[in-house]
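S.K.: First, the structure itself, so that you have it in front of you.
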Amino acid sequence: MNMDYDLFMEEIKRTARAEMEAAGYEQLRTPEEVEEAFARPGTTLVMVNSVCGCAGGIARPAAANAIHYDKRPNHLVTVFAGQDKEATAAARYFFGDNHIPSSPSFVLLKDGKVVADIGRHEIEGHDPMSVITNLQANFEEFCEEV
């Protein structure tokens with residue numbers, strides 16, 4: 001029974017990663033990759049990925065669809081909570097004390113500084129369109145037209 005569960009979870013993790021990569025997000029798996037990505041000029045959308053249902057049913061679809069907008073981040077990156085633990089810890093440390101560590105969540109950086117934060121409480125129990133609207137409102141305020 002345990003082996004079946006492990007295989008099932010591996011497939012869930014593989015799918016969760018593949019969905020983000022297919023949407024154009026760069027996987028950050030080490031603290032060094034986080035540091036490098038967060039130092040880039042311009043805007044960076046960080047999606048803290050997860051295997052939970054609200055990540056798969058709401059956050060990842062919102063992440064994939066929100067970027068189809070006139071104004072959008074220069075860079076799209078993701079860390080995977082519970083999987084790439086050191087990278088996720090580095091990201092959360094960077095986000096600062098005002099960031100409530102939750103997954104899934106989104107953080108928008110501009111020139112390496114946190115300018116917007118969408119926590120799990122703004123994802124779980126909401127529909128993907130409301131999360132997309134929230135993300136795009138942040139894009140409108142902080143991102144340049146492409």
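We name chains A, B, ... following the order of the structure tokens; residues begin at 1 in each chain, and ligands are numbered from 1 as shown.
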Stretch 40-125 of chain A: which residues are strand (DSSP E or B) by DSSP, as an MDAnalysis selection string?

M.R.: chainID A and resid 43:49 71 75:80 105:110 113:118

S.K.: For the residues selected in the previous step, produce a file with N, CA and C atoms as a PDB file, in the first residue's frame.

M.R.:
ATOM      1  N   THR A  43      10.350  43.172 -12.945  1.00  0.00           N
ATOM      2  CA  THR A  43       9.361  42.519 -12.087  1.00  0.00           C
ATOM      3  C   THR A  43       9.469  41.003 -12.201  1.00  0.00           C
ATOM      4  N   THR A  44       9.274  40.353 -11.075  1.00  0.00           N
ATOM      5  CA  THR A  44       9.333  38.896 -10.995  1.00  0.00           C
ATOM      6  C   THR A  44       8.130  38.403 -10.212  1.00  0.00           C
ATOM      7  N   LEU A  45       7.360  37.523 -10.839  1.00  0.00           N
ATOM      8  CA  LEU A  45       6.257  36.875 -10.128  1.00  0.00           C
ATOM      9  C   LEU A  45       6.765  35.541  -9.599  1.00  0.00           C
ATOM     10  N   VAL A  46       6.634  35.361  -8.283  1.00  0.00           N
ATOM     11  CA  VAL A  46       7.036  34.123  -7.627  1.00  0.00           C
ATOM     12  C   VAL A  46       5.768  33.376  -7.230  1.00  0.00           C
ATOM     13  N   MET A  47       5.644  32.143  -7.690  1.00  0.00           N
ATOM     14  CA  MET A  47       4.533  31.301  -7.273  1.00  0.00           C
ATOM     15  C   MET A  47       5.093  30.239  -6.339  1.00  0.00           C
ATOM     16  N   VAL A  48       4.602  30.206  -5.108  1.00  0.00           N
ATOM     17  CA  VAL A  48       4.990  29.161  -4.168  1.00  0.00           C
ATOM     18  C   VAL A  48       4.024  28.007  -4.410  1.00  0.00           C
ATOM     19  N   ASN A  49       4.525  26.979  -5.069  1.00  0.00           N
ATOM     20  CA  ASN A  49       3.735  25.836  -5.505  1.00  0.00           C
ATOM     21  C   ASN A  49       3.518  24.854  -4.350  1.00  0.00           C
ATOM     22  N   LYS A  71      -0.004  44.007 -19.405  1.00  0.00           N
ATOM     23  CA  LYS A  71       1.100  44.257 -18.472  1.00  0.00           C
ATOM     24  C   LYS A  71       1.344  42.963 -17.720  1.00  0.00           C
ATOM     25  N   HIS A  75       9.738  38.350 -15.353  1.00  0.00           N
ATOM     26  CA  HIS A  75      10.247  37.017 -15.005  1.00  0.00           C
ATOM     27  C   HIS A  75       9.169  36.251 -14.243  1.00  0.00           C
ATOM     28  N   LEU A  76       9.068  34.956 -14.537  1.00  0.00           N
ATOM     29  CA  LEU A  76       8.123  34.064 -13.868  1.00  0.00           C
ATOM     30  C   LEU A  76       8.919  32.929 -13.240  1.00  0.00           C
ATOM     31  N   VAL A  77       8.814  32.790 -11.925  1.00  0.00           N
ATOM     32  CA  VAL A  77       9.566  31.747 -11.229  1.00  0.00           C
ATOM     33  C   VAL A  77       8.666  31.048 -10.224  1.00  0.00           C
ATOM     34  N   THR A  78       9.084  29.862  -9.812  1.00  0.00           N
ATOM     35  CA  THR A  78       8.333  29.117  -8.817  1.00  0.00           C
ATOM     36  C   THR A  78       9.272  28.345  -7.900  1.00  0.00           C
ATOM     37  N   VAL A  79       8.891  28.277  -6.634  1.00  0.00           N
ATOM     38  CA  VAL A  79       9.524  27.372  -5.672  1.00  0.00           C
ATOM     39  C   VAL A  79       8.440  26.396  -5.236  1.00  0.00           C
ATOM     40  N   PHE A  80       8.853  25.205  -4.835  1.00  0.00           N
ATOM     41  CA  PHE A  80       7.898  24.146  -4.530  1.00  0.00           C
ATOM     42  C   PHE A  80       7.971  23.817  -3.044  1.00  0.00           C
ATOM     43  N   SER A 105       0.955  30.378  -2.780  1.00  0.00           N
ATOM     44  CA  SER A 105       0.903  31.833  -2.637  1.00  0.00           C
ATOM     45  C   SER A 105       1.667  32.456  -3.800  1.00  0.00           C
ATOM     46  N   PHE A 106       1.505  33.763  -3.942  1.00  0.00           N
ATOM     47  CA  PHE A 106       2.212  34.521  -4.961  1.00  0.00           C
ATOM     48  C   PHE A 106       2.858  35.731  -4.307  1.00  0.00           C
ATOM     49  N   VAL A 107       4.037  36.087  -4.797  1.00  0.00           N
ATOM     50  CA  VAL A 107       4.702  37.315  -4.379  1.00  0.00           C
ATOM     51  C   VAL A 107       5.216  37.984  -5.642  1.00  0.00           C
ATOM     52  N   LEU A 108       4.960  39.284  -5.745  1.00  0.00           N
ATOM     53  CA  LEU A 108       5.459  40.050  -6.879  1.00  0.00           C
ATOM     54  C   LEU A 108       6.610  40.919  -6.397  1.00  0.00           C
ATOM     55  N   LEU A 109       7.735  40.780  -7.083  1.00  0.00           N
ATOM     56  CA  LEU A 109       8.930  41.571  -6.773  1.00  0.00           C
ATOM     57  C   LEU A 109       9.129  42.610  -7.866  1.00  0.00           C
ATOM     58  N   LYS A 110       9.615  43.777  -7.488  1.00  0.00           N
ATOM     59  CA  LYS A 110      10.018  44.780  -8.461  1.00  0.00           C
ATOM     60  C   LYS A 110      11.409  45.236  -8.070  1.00  0.00           C
ATOM     61  N   LYS A 113      12.484  43.899  -4.705  1.00  0.00           N
ATOM     62  CA  LYS A 113      11.738  44.250  -3.502  1.00  0.00           C
ATOM     63  C   LYS A 113      10.300  43.742  -3.620  1.00  0.00           C
ATOM     64  N   VAL A 114       9.761  43.259  -2.506  1.00  0.00           N
ATOM     65  CA  VAL A 114       8.385  42.776  -2.482  1.00  0.00           C
ATOM     66  C   VAL A 114       7.442  43.965  -2.634  1.00  0.00           C
ATOM     67  N   VAL A 115       6.547  43.901  -3.629  1.00  0.00           N
ATOM     68  CA  VAL A 115       5.564  44.968  -3.821  1.00  0.00           C
ATOM     69  C   VAL A 115       4.123  44.463  -3.680  1.00  0.00           C
ATOM     70  N   ALA A 116       3.918  43.158  -3.767  1.00  0.00           N
ATOM     71  CA  ALA A 116       2.565  42.603  -3.618  1.00  0.00           C
ATOM     72  C   ALA A 116       2.660  41.153  -3.170  1.00  0.00           C
ATOM     73  N   ASP A 117       1.628  40.719  -2.475  1.00  0.00           N
ATOM     74  CA  ASP A 117       1.619  39.391  -1.866  1.00  0.00           C
ATOM     75  C   ASP A 117       0.183  38.859  -1.907  1.00  0.00           C
ATOM     76  N   ILE A 118       0.002  37.662  -2.422  1.00  0.00           N
ATOM     77  CA  ILE A 118      -1.305  37.007  -2.414  1.00  0.00           C
ATOM     78  C   ILE A 118      -1.128  35.693  -1.660  1.00  0.00           C
TER      79      ILE A 118
END

S.K.: Stretch 102-104 of chain A: which residues within 12 Å, counting only C-alpha atoms, same-chain residues fewer than 2 positions away excluded, as a PyMOL selection string?

M.R.: chain A and resi 16+46-63+78-83+88-89+91-92+95+99-100+106-107+117-124+131

S.K.: Could you jot down the atom CA of A:Gln136 to atom CA of A:His68 separation for me, Å, one decimal place?

M.R.: 9.2 Å

S.K.: Which one is closest to A:Arg17: A:Glu141, A:Glu36, A:Asp97, A:Asp84? Count only C-alpha atoms.

M.R.: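 Ranked by minimum distance to A:Arg17, first place goes to A:Asp84.
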